[in-house]
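S.K.: The structure that follows is given in the form of structure tokens.
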Amino acid sequence: MNNTLVQQKQKPKFSVVLQSNAIKNLINNTLGDPKRAANFIANVSSVVAVNTSLQECDPFTVITGALIGESLNLSLSPQLGHCYLVPFDDKQRGKVAVFQIGYKGYIQLAMRSGYYRKINVIALKEGELVKYDPLNEEIEVNLIEDDDVREETQTVGYYAMFEYLNGFRKAMYWPVKKMLKHAEKYSSGYRNDLKRGTKWSYWSADFDSMAYKTMLRQLISKWGIMSVELQKAFESDMAVIREDNKPEYVDNVPDDIEKVPVSNIQAVNEEKETETKEEIPDPKPKVETQPKTSAKAKEPSIKVVLEEDFDLFAAAKKIEG
């Protein structure tokens, strides 16, 4: 008990770490724009200020997670639901901040890639599903028209689909029973909630949103063409971002990451894109295949800077500690 108190006293406060010169230099070098860096500091400070649990987390995991969100151009605002920093009690490290992307964040990244004409995910209510053919991926539904009645009706399953610009489409449907098994298998927090009757995990607090996210991850990871941003999102989601910019999965490893190792995601998707080109035309119009070096040159390469500057981050952590 005394050792725990000593560790809590020695842990630097988030506000102190964020205002240190080393961390300010890291943020400025990473983002490459003083105004953007100032906005980032203001935004992450606001997020932490209203969340007492985040204030107790290792401040460096908060900053690294927030920087990953910024590198993906996803907002930490809870109102937008793009991405979150979720407190997690790690047995070895104490309380840390886990970076999580919301289902709206995945939709943003997919549409931003330029491959998708449409992408959607929806909860189906009792009495709405008429028939689903998994072989041909055809679904017949009769949606409840009254939104209030529909909101109160029990959910029986989840449906997700996407369509490329060239018309190629994929779809999938999971009944609630399958989603419940998935949540219990891959989330230790949800398992603990079920045992203790608590609602601390995101699965317990907002089951539908986590189910939407799961459907999109399953759909895109198996059949979607993934941009560099989407690959980065899949690698970083549901992980603590270490000082070397590598993800560390402190909860259960996501099933799609478990099946495809993080280091192989890019290679797998390069192979997938090659196979796709043999079967269907490139979903992007040919006019977009021209080099865009001039457009990219206007913005700093956050990914490259992150990889180069995390040595400074590790050194800063030792200094502040």
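Naming scheme: A, B, ... for chains in displayed order of the structure tokens; residues 1 onward per chain; ligands 1 onward as shown.
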Which residues are near region 69-85 of chain A? Cut-off 6 Å, only C-alpha atoms, ignore same chain within fewer than 2 positions. Put them as JSON, numbers by chain.
M.R.: {"A": [66, 67, 97, 98, 99, 100, 101, 102, 104, 105, 302]}
S.K.: Find the spatial neighbours of Asp133 (chain A), counting only C-alpha atoms, within a cut-off of 12 Å - ignore same-chain residues fewer than 6 positions away - and output them as JSON, numbers by chain.
M.R.: {"A": [139, 140, 141, 171, 172, 173, 174]}
S.K.: Output N, CA and C atoms of each residue in that selection to a file, as an mmCIF file, in the first residue's frame.
M.R.:
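Final output, again09.cif:
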```
data_model
loop_
_atom_site.group_PDB
_atom_site.id
_atom_site.type_symbol
_atom_site.label_atom_id
_atom_site.label_comp_id
_atom_site.auth_asym_id
_atom_site.auth_seq_id
_atom_site.Cartn_x
_atom_site.Cartn_y
_atom_site.Cartn_z
ATOM 1 N N ILE A 139 -29.924 -8.987 -48.773
ATOM 2 C CA ILE A 139 -30.721 -8.825 -47.562
ATOM 3 C C ILE A 139 -32.071 -8.200 -47.898
ATOM 4 N N GLU A 140 -33.073 -8.650 -47.205
ATOM 5 C CA GLU A 140 -34.413 -8.083 -47.357
ATOM 6 C C GLU A 140 -34.905 -7.660 -45.973
ATOM 7 N N VAL A 141 -35.225 -6.385 -45.831
ATOM 8 C CA VAL A 141 -35.658 -5.863 -44.537
ATOM 9 C C VAL A 141 -36.938 -5.044 -44.695
ATOM 10 N N ALA A 171 -20.944 -7.148 -48.241
ATOM 11 C CA ALA A 171 -21.866 -6.941 -47.128
ATOM 12 C C ALA A 171 -21.774 -8.118 -46.166
ATOM 13 N N MET A 172 -22.166 -7.887 -44.921
ATOM 14 C CA MET A 172 -22.184 -8.954 -43.936
ATOM 15 C C MET A 172 -23.222 -8.652 -42.860
ATOM 16 N N TYR A 173 -23.723 -9.715 -42.235
ATOM 17 C CA TYR A 173 -24.726 -9.591 -41.176
ATOM 18 C C TYR A 173 -24.336 -10.497 -40.017
ATOM 19 N N TRP A 174 -24.387 -9.937 -38.806
ATOM 20 C CA TRP A 174 -24.140 -10.710 -37.592
ATOM 21 C C TRP A 174 -25.377 -10.633 -36.691
#
```
S.K.: Calculated over only C-alpha atoms, which of the candidates A:Tyr158, A:Phe40, A:Trp200, A:Phe60 has the smallest distance to Phe14 (chain A)?
M.R.: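 Using only C-alpha atoms, the shortest distance to Phe14 (chain A) belongs to A:Phe60.
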S.K.: Quick one: pull the distance between CA of Lys91 (chain A) and CA of Arg242 (chain A), Å, one decimal.
M.R.: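 Between CA of Lys91 (chain A) and CA of Arg242 (chain A) the gap works out to 16.1 Å.
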S.K.: Per DSSP on the backbone, what are the alpha helix (DSSP H) residues of region 65-292 of chain A, as a PyMOL selection string?
M.R.: chain A and resi 65-71+103-113+147-152+176-186+188-196+202-205+207-223+228-236+255-259+265-279
S.K.: Those same residues, written as a CSV table (one decimal), in the first residue's frame with C-alpha atoms?
M.R.:
```csv
chain,number,residue,atom,x,y,z
A,65,GLY,CA,-2.3,8.3,-28.1
A,66,ALA,CA,-3.4,11.9,-28.9
A,67,LEU,CA,-0.6,12.4,-31.4
A,68,ILE,CA,-1.7,9.2,-33.3
A,69,GLY,CA,-5.2,10.6,-33.5
A,70,GLU,CA,-3.9,13.9,-34.7
A,71,SER,CA,-1.7,12.2,-37.3
A,103,TYR,CA,-17.0,3.6,-35.9
A,104,LYS,CA,-17.4,7.2,-37.2
A,105,GLY,CA,-13.7,7.5,-37.4
A,106,TYR,CA,-13.4,4.4,-39.6
A,107,ILE,CA,-16.1,5.8,-41.9
A,108,GLN,CA,-14.2,9.1,-42.1
A,109,LEU,CA,-11.0,7.3,-43.0
A,110,ALA,CA,-12.7,5.0,-45.6
A,111,MET,CA,-14.5,7.8,-47.4
A,112,ARG,CA,-11.3,10.0,-47.3
A,113,SER,CA,-9.4,7.2,-49.0
A,147,ASP,CA,-38.0,6.4,-35.1
A,148,ASP,CA,-39.2,6.5,-31.5
A,149,VAL,CA,-40.7,3.1,-31.8
A,150,ARG,CA,-37.6,1.8,-33.6
A,151,GLU,CA,-35.3,3.1,-30.9
A,152,GLU,CA,-37.2,1.3,-28.2
A,176,VAL,CA,-26.7,-10.2,-31.7
A,177,LYS,CA,-25.7,-13.6,-30.2
A,178,LYS,CA,-22.6,-13.7,-32.4
A,179,MET,CA,-21.7,-10.1,-31.5
A,180,LEU,CA,-22.1,-10.9,-27.7
A,181,LYS,CA,-19.7,-13.9,-28.1
A,182,HIS,CA,-17.2,-11.7,-29.9
A,183,ALA,CA,-17.3,-9.0,-27.2
A,184,GLU,CA,-16.9,-11.5,-24.4
A,185,LYS,CA,-14.0,-13.3,-26.2
A,186,TYR,CA,-12.0,-10.2,-27.2
A,188,SER,CA,-11.3,-8.6,-20.9
A,189,GLY,CA,-13.0,-5.4,-19.7
A,190,TYR,CA,-16.4,-6.6,-20.9
A,191,ARG,CA,-15.8,-10.0,-19.4
A,192,ASN,CA,-15.1,-8.3,-16.0
A,193,ASP,CA,-18.3,-6.3,-16.4
A,194,LEU,CA,-20.3,-9.4,-16.9
A,195,LYS,CA,-18.8,-11.0,-13.8
A,196,ARG,CA,-19.1,-8.0,-11.5
A,202,TYR,CA,-17.1,0.7,-23.8
A,203,TRP,CA,-18.9,-2.5,-24.7
A,204,SER,CA,-21.1,-2.2,-21.6
A,205,ALA,CA,-21.5,1.6,-21.9
A,207,PHE,CA,-22.8,-1.7,-27.1
A,208,ASP,CA,-24.2,-0.6,-30.4
A,209,SER,CA,-21.3,1.8,-31.2
A,210,MET,CA,-18.8,-0.9,-30.4
A,211,ALA,CA,-20.8,-3.4,-32.5
A,212,TYR,CA,-20.8,-0.9,-35.5
A,213,LYS,CA,-17.1,-0.6,-35.2
A,214,THR,CA,-16.6,-4.3,-35.1
A,215,MET,CA,-18.7,-4.8,-38.2
A,216,LEU,CA,-16.7,-2.2,-40.1
A,217,ARG,CA,-13.3,-3.6,-39.0
A,218,GLN,CA,-14.4,-7.1,-40.0
A,219,LEU,CA,-15.7,-5.9,-43.4
A,220,ILE,CA,-12.8,-3.6,-44.3
A,221,SER,CA,-10.0,-5.9,-43.0
A,222,LYS,CA,-11.3,-8.9,-45.0
A,223,TRP,CA,-12.4,-7.3,-48.2
A,228,VAL,CA,-2.1,4.2,-45.5
A,229,GLU,CA,-4.3,6.0,-43.0
A,230,LEU,CA,-6.6,3.0,-42.6
A,231,GLN,CA,-3.6,0.6,-42.1
A,232,LYS,CA,-2.2,3.0,-39.4
A,233,ALA,CA,-5.7,3.1,-37.8
A,234,PHE,CA,-5.9,-0.7,-37.7
A,235,GLU,CA,-2.5,-1.0,-36.1
A,236,SER,CA,-3.0,1.7,-33.5
A,255,ASP,CA,-9.3,-10.5,-33.7
A,256,ASP,CA,-8.5,-9.0,-37.1
A,257,ILE,CA,-5.1,-7.9,-35.9
A,258,GLU,CA,-4.6,-11.4,-34.4
A,259,LYS,CA,-5.3,-13.1,-37.7
A,265,ILE,CA,-0.8,-5.7,-42.6
A,266,GLN,CA,0.8,-3.6,-45.4
A,267,ALA,CA,2.1,-6.6,-47.3
A,268,VAL,CA,-1.3,-8.4,-47.0
A,269,ASN,CA,-3.1,-5.4,-48.4
A,270,GLU,CA,-0.6,-4.9,-51.2
A,271,GLU,CA,-1.2,-8.5,-52.2
A,272,LYS,CA,-5.0,-7.9,-51.8
A,273,GLU,CA,-4.9,-4.9,-54.1
A,274,THR,CA,-3.0,-6.9,-56.7
A,275,GLU,CA,-5.7,-9.6,-56.6
A,276,THR,CA,-8.4,-7.1,-56.7
A,277,LYS,CA,-7.0,-5.5,-59.9
A,278,GLU,CA,-7.0,-8.9,-61.6
A,279,GLU,CA,-10.7,-9.4,-60.8
```
S.K.: Which value, in Å to one decimal, gives the distance between CA of Val130 (chain A) and CA of Glu163 (chain A)?
M.R.: 22.3 Å
S.K.: From a backbone DSSP assignment, name each residue in region 106-277 of chain A labelled strand (DSSP E or B), as a VMD selection string.
M.R.: chain A and resid 116 to 125 129 to 133 138 to 141 155 to 164 169 to 175 239 to 241 247 to 248
S.K.: Using only C-alpha atoms for the distances, tell me which of A:Leu18, A:Val86, A:Leu135, A:Val44 is nearest to Asp237 (chain A).
M.R.: A:Val86
S.K.: Could you check which of A:Lys11, A:Gly167, A:Phe88, A:Asn25 is closest to Met238 (chain A), using only C-alpha atoms?
M.R.: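 Result for the nearest residue to Met238 (chain A): A:Phe88.
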S.K.: With distances taken over only C-alpha atoms, which residue among A:Gly114, A:Gly224, A:Pro12, A:Pro34 lies nearest Arg169 (chain A)?
M.R.: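 Among the listed residues, the smallest separation from Arg169 (chain A) belongs to A:Gly224.
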S.K.: In Å, rounded to a single decimal, give me how far CA of Lys13 (chain A) is from CA of Glu56 (chain A).
M.R.: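 So the two atoms, CA of Glu56 (chain A) and CA of Lys13 (chain A), lie 8.2 Å apart.
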S.K.: Let me make sure I understand: among A:Asn166, A:Thr198, A:Asn120, A:Ser15, which one has the smallest atom-to-atom distance to Cys57 (chain A) if we use only C-alpha atoms?
M.R.: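 Looking at the shortest contact to Cys57 (chain A), the residue is A:Ser15.
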